[in-house]
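Notes to accompany the following structure.
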Amino acid sequence: MNDKPFIDWGWVSRHLDDVAELIGQHLQLTAIPVAIGFLIALVLATWATRHRRWIGPITAFTGLLYTVPSLAAFALLIPITGLSLLTAIIPLTTYTLLILVRNIVAGFESVPADVLEAAEGMGYTSRQRLWRIELPLAVPLMIAGLRLAVVTTIGLATVAAIIGDQFGGLGQFITEGLQTSFPTKIYLGAGLSLALAFVADFLFIRLERLITPWSRSRAGGR
Amino acid sequence: MHSQTTGHAVSRSRAATVEFDHVTKHYDSVQNRRGAAGAVDDLSFTVPAGKICVLVGPSGCGKTTSLKMVNRLIEPTSGRIRIDSVDISTRERTELRRGIGYVIQQVGLFPHQTIEENVATVPRLLGWQTARRRERAHELLALIGLDPAKYARRYPAQLSGGERQRVGVARALAADPPIMLMDEPFGAVDPIVRERLQNEFLRLQEDLAKTILFVTHDIDEAIKMGDLVAVLEVGGKLAQFGPPEEMLANPASDFVARFVGTDRGLKLLSLFRVGHLPMAEFPTVRVGDDAGTARRRSRTHAFPYELLVDDGRRPIGWIPDKAIPEEGALTADQAVPMSPRLDRRTTLKDALSLLLDANVQAGVVVDRHGALVGVVTVDEIAAWMRQRNASLGETIEGRDGTGASAEGGTEDRRAGPHGVDAHPAPAAADSP
């Protein structure tokens, strides 16, 4: 590493195709678990807010899933699902549940009681109330949960590289860099996943602004 | 509502009779520990169509529970509630609720919807077309005094507390329900705004004539708003049911007497308005009148002041007899504007208070164009109330036998100035 630069930009410019491909894989490794995790969490959280005695068990269970080490989870799944994308996706999905369930429940709980009472008293059915009142009002906290889940998953997904090179994402740069003592790949893998996390976080902030115009207009009130 | 109805014709919308028939609600101890609302014990009363019935009592007396049983947010343990003779337990909950306006203290506007969308809530649930919903929302915003062009697109967080309360009322009125349930609807705003909202609402109700069940813990609000008042005591028992005058003049129990307070006489004053007083023609002088003539005329009555008015009969002020010039014309700057201005709608309590504050004997009553209607003095108010209390006492004592005469006494109050019987001689006063 003595006279070599930190990052060999020449190598990078010759391998832009690889870089793009691994970024694509990494996005896939993030988007699929977060999307599936969000749907599962939405169902669990909706159920838990209506049957409050389930909130404890559900959060305890998602907490338990969260504590399973990722390497151990891969090792346990490989005999069943093989060296496949599915093996990577299952643990990444379960890790999102803790964050998402908690935030969606918090989102539902943030809906003011008087708003719910008014809706019920005016003749909303409970389904109408869920879709038209509770879900929209839970959006800010849901998005806060999604931001956390996405950033966490982008970081965790680098570990998936040990399962396979067809879908391993930016983690492949890191593992290959370590194996061949080629720092450029290590820095590239780490730097790009960091950048992805920043960009994703920023996009979610913009998304929240876009779909919750009522909270934006508060400042400009009167 | 407490004074004469406004002249313009507004189509009277439907109203319905609400009947509580031996309604009881028990809570078991588990529910009570969770802070459930108060129980209700064998409640029976009927609210006639188009009347405001105020449920009032200390906290935990079951007034909110009673209200929520009408739109089936709470189900009674036993007994029936009927709307226009139909048992509400036979109706589908959401369908029933869409036909009943509901206003709560915290308003409960939907923060993620614009004011227009909020107001159009029930019409949307009923499946009205977008254009019709919009039109209705704008009509209601105008009705409650919020310019649709300015407010329709705003979000609730951009409104003041008083504006939000108004929108809450508009939202409840949106589908023109025959019944409104109002649970401390003006409880979350400061006293000045509350007073204004109460007055606005009473003015609206003159035209709307809905059947309204109104919950409050504030006895003054109950007296002011109610055609009928149901006083509940802890445990959900009905302590007294009747028009507010009756409750003030003749409380049914020690509990009611304590609850209405020791200032019942003053509270009665708040039930009547300046328009109820007999007002004789009051002699005036006009700007430009000949001073000599005015001076001669001033000797024909005992009052040591002349009331100066302009060409539109709008009062300018008082000229002390001694200050009338020997000759020339009367001018506006000779008059002292010391009397408070009242109108027919001012309550006698407010009128008295204004007179005492201004440290004067007489207030000038003007119509909506500012023209003189007459003059009211402290002595006149006192004399009229004495006479009124005497006759009300008799009416109520005679009620057990006839029943109908108490009704007559109530109607009389609503009838306005024309319902007033005798004209007491105008009391002479030393200063205006």
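Letters A, B, ... go to the chains of the structure tokens in the order shown; residues in each chain start at 1; ligands are counted from 1 in the same order.
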Against chain B, which residues of chain A fall within 12 Å? For each one I want the closest pair of atoms and the distance in Å (one decimal), counting only C-alpha atoms, rows by chain and increasing residue number, as a tab-separated table.
residue	atom	partner	partner_atom	distance
A:Ser110	CA	B:Pro111	CA	11.9
A:Val111	CA	B:Pro111	CA	9.5
A:Pro112	CA	B:Gly108	CA	7.9
A:Ala113	CA	B:Gly108	CA	8.0
A:Asp114	CA	B:Gly108	CA	4.7
A:Val115	CA	B:Gly108	CA	4.1
A:Leu116	CA	B:Gly108	CA	7.5
A:Glu117	CA	B:Gly108	CA	7.4
A:Ala118	CA	B:Gly108	CA	5.5
A:Ala119	CA	B:Gly108	CA	8.1
A:Glu120	CA	B:Leu73	CA	7.8
A:Gly121	CA	B:Arg97	CA	6.1
A:Met122	CA	B:Arg97	CA	5.4
A:Gly123	CA	B:Thr94	CA	4.3
A:Tyr124	CA	B:Thr94	CA	6.5
A:Thr125	CA	B:Thr94	CA	6.5
A:Ser126	CA	B:Thr94	CA	9.7
A:Arg127	CA	B:Thr94	CA	11.8
A:Gln128	CA	B:Leu125	CA	9.1
A:Arg129	CA	B:Leu125	CA	11.0
A:Arg132	CA	B:His112	CA	9.6
A:Ile133	CA	B:Phe110	CA	7.4
A:Glu134	CA	B:Phe110	CA	10.0
A:Leu135	CA	B:His112	CA	10.6
A:Pro136	CA	B:His112	CA	7.3
A:Leu137	CA	B:His112	CA	6.8
A:Ala138	CA	B:His112	CA	10.4
A:Val139	CA	B:His112	CA	10.4
A:Pro140	CA	B:His112	CA	11.3
A:Ile211	CA	B:His112	CA	10.0
A:Thr212	CA	B:His112	CA	7.4
A:Pro213	CA	B:His112	CA	7.7
A:Trp214	CA	B:His112	CA	5.3
A:Ser215	CA	B:His112	CA	7.7
A:Arg216	CA	B:Tyr155	CA	10.0
A:Ser217	CA	B:Gln158	CA	7.4
A:Arg218	CA	B:Ala157	CA	5.7
A:Ala219	CA	B:Gln158	CA	8.3
A:Gly220	CA	B:Gln158	CA	7.6
A:Gly221	CA	B:Gln158	CA	4.2
A:Arg222	CA	B:Gln158	CA	5.2
TODO: Could you tell me, as number ranges by chain, which residues of stretch 110-290 of chain B DSSP assigns to helix (DSSP H, G or I) when given the backbone?
DONE: B: 115-119, 121-125, 130-143, 148-151, 156-158, 161-173, 191-208, 219-225, 244-249, 254-260, 264-269, 274-276
Open item on the list: List as a ChimeraX atom specification the protein and nucleic acid residues near A:Ala190, meaning an atom at most 7 Å away when only C-alpha atoms are counted, but skip any in the same chain fewer than 4 places from it.
Closed with: /A:174,186,194
TODO: In Å, rounded to a single decimal, give me how far atom CA of B:Arg299 is from atom CA of B:Ala332.
DONE: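 About the pair atom CA of B:Ala332 and atom CA of B:Arg299: they are 21.1 Å apart.
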Task: Distance of atom CA of B:Asp350 from atom CA of B:Val336, expressed in Å to one decimal place - done: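 Interatomic distance, atom CA of B:Val336 to atom CA of B:Asp350: 22.3 Å.
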- [ ] Could you tell me how far atom CA of B:Gly370 lies from atom CA of B:Leu146, in Å and to one decimal?
- [x]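 So the two atoms, atom CA of B:Gly370 and atom CA of B:Leu146, lie 25.4 Å apart.
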Open item on the list: So that I can see what lies close to A:Ile89, please list as number ranges by chain the residues with an atom at most 9 Å from it, counting only C-alpha atoms and leaving out residues fewer than 5 positions away in the same chain.
Closed with: A: 29-30, 32-33, 84, 94, 157, 160
Can you write just those residues out, C-alpha atoms, as a PDB file, in the first residue's frame?
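Now in part-v4.pdb:
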ATOM      1  CA  LEU A  29     -30.994  -7.056  -1.994  1.00  0.00           C
ATOM      2  CA  THR A  30     -32.388  -4.016  -0.215  1.00  0.00           C
ATOM      3  CA  ILE A  32     -37.054  -6.916  -1.904  1.00  0.00           C
ATOM      4  CA  PRO A  33     -36.585  -7.496   1.857  1.00  0.00           C
ATOM      5  CA  SER A  84     -29.778 -18.747  -3.595  1.00  0.00           C
ATOM      6  CA  THR A  94     -36.910 -10.663   9.144  1.00  0.00           C
ATOM      7  CA  ALA A 157     -26.803  -6.709   2.617  1.00  0.00           C
ATOM      8  CA  ALA A 160     -24.906 -11.533   1.517  1.00  0.00           C
TER       9      ALA A 160
END
Open item on the list: For a quick check of understanding, using only C-alpha atoms, which of A:Phe167, A:Phe61, A:Trp47, A:Tyr66 has the smallest distance to A:Gln25?
Closed with: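 That would be A:Phe167, the residue with the smallest distance to A:Gln25.
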What parts of stretch 131-269 of chain B does DSSP call strand (DSSP E or B)? I'd like the answer as a tab-separated table (two decimals) with C-alpha atoms, in the first residue's frame.
chain	number	residue	atom	x	y	z
B	179	ILE	CA	-80.43	15.64	14.99
B	180	MET	CA	-77.16	17.01	16.33
B	181	LEU	CA	-75.19	15.65	19.26
B	182	MET	CA	-72.81	18.21	20.71
B	183	ASP	CA	-70.41	17.17	23.46
B	211	THR	CA	-83.14	18.73	17.47
B	212	ILE	CA	-80.00	19.13	19.52
B	213	LEU	CA	-78.64	17.23	22.49
B	214	PHE	CA	-75.93	19.34	24.03
B	215	VAL	CA	-73.62	18.23	26.83
B	216	THR	CA	-71.88	20.67	29.15
B	228	LEU	CA	-84.81	22.31	27.94
B	229	VAL	CA	-82.26	21.38	30.56
B	230	ALA	CA	-81.72	17.89	31.95
B	231	VAL	CA	-79.74	18.06	35.18
B	232	LEU	CA	-78.01	14.76	35.95
B	233	GLU	CA	-76.41	13.84	39.23
B	237	LYS	CA	-79.96	9.93	37.73
B	238	LEU	CA	-82.14	12.64	36.23
B	239	ALA	CA	-82.44	15.30	38.92
B	240	GLN	CA	-84.62	17.73	36.97
B	241	PHE	CA	-85.88	18.13	33.44
B	242	GLY	CA	-87.55	21.25	32.15
- [ ] Excluding stretch 303-308 of chain B and any residue of its chain fewer than 5 positions from it, enumerate the residues within 6 Å of it, using only C-alpha atoms, and give them as a list in words.
- [x]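 Counting only C-alpha atoms, the residues come to Thr284, Val285, Arg286, Pro315, Ile316, Gly317, Trp318, Ile319, Pro320 and Asp321 of chain B.
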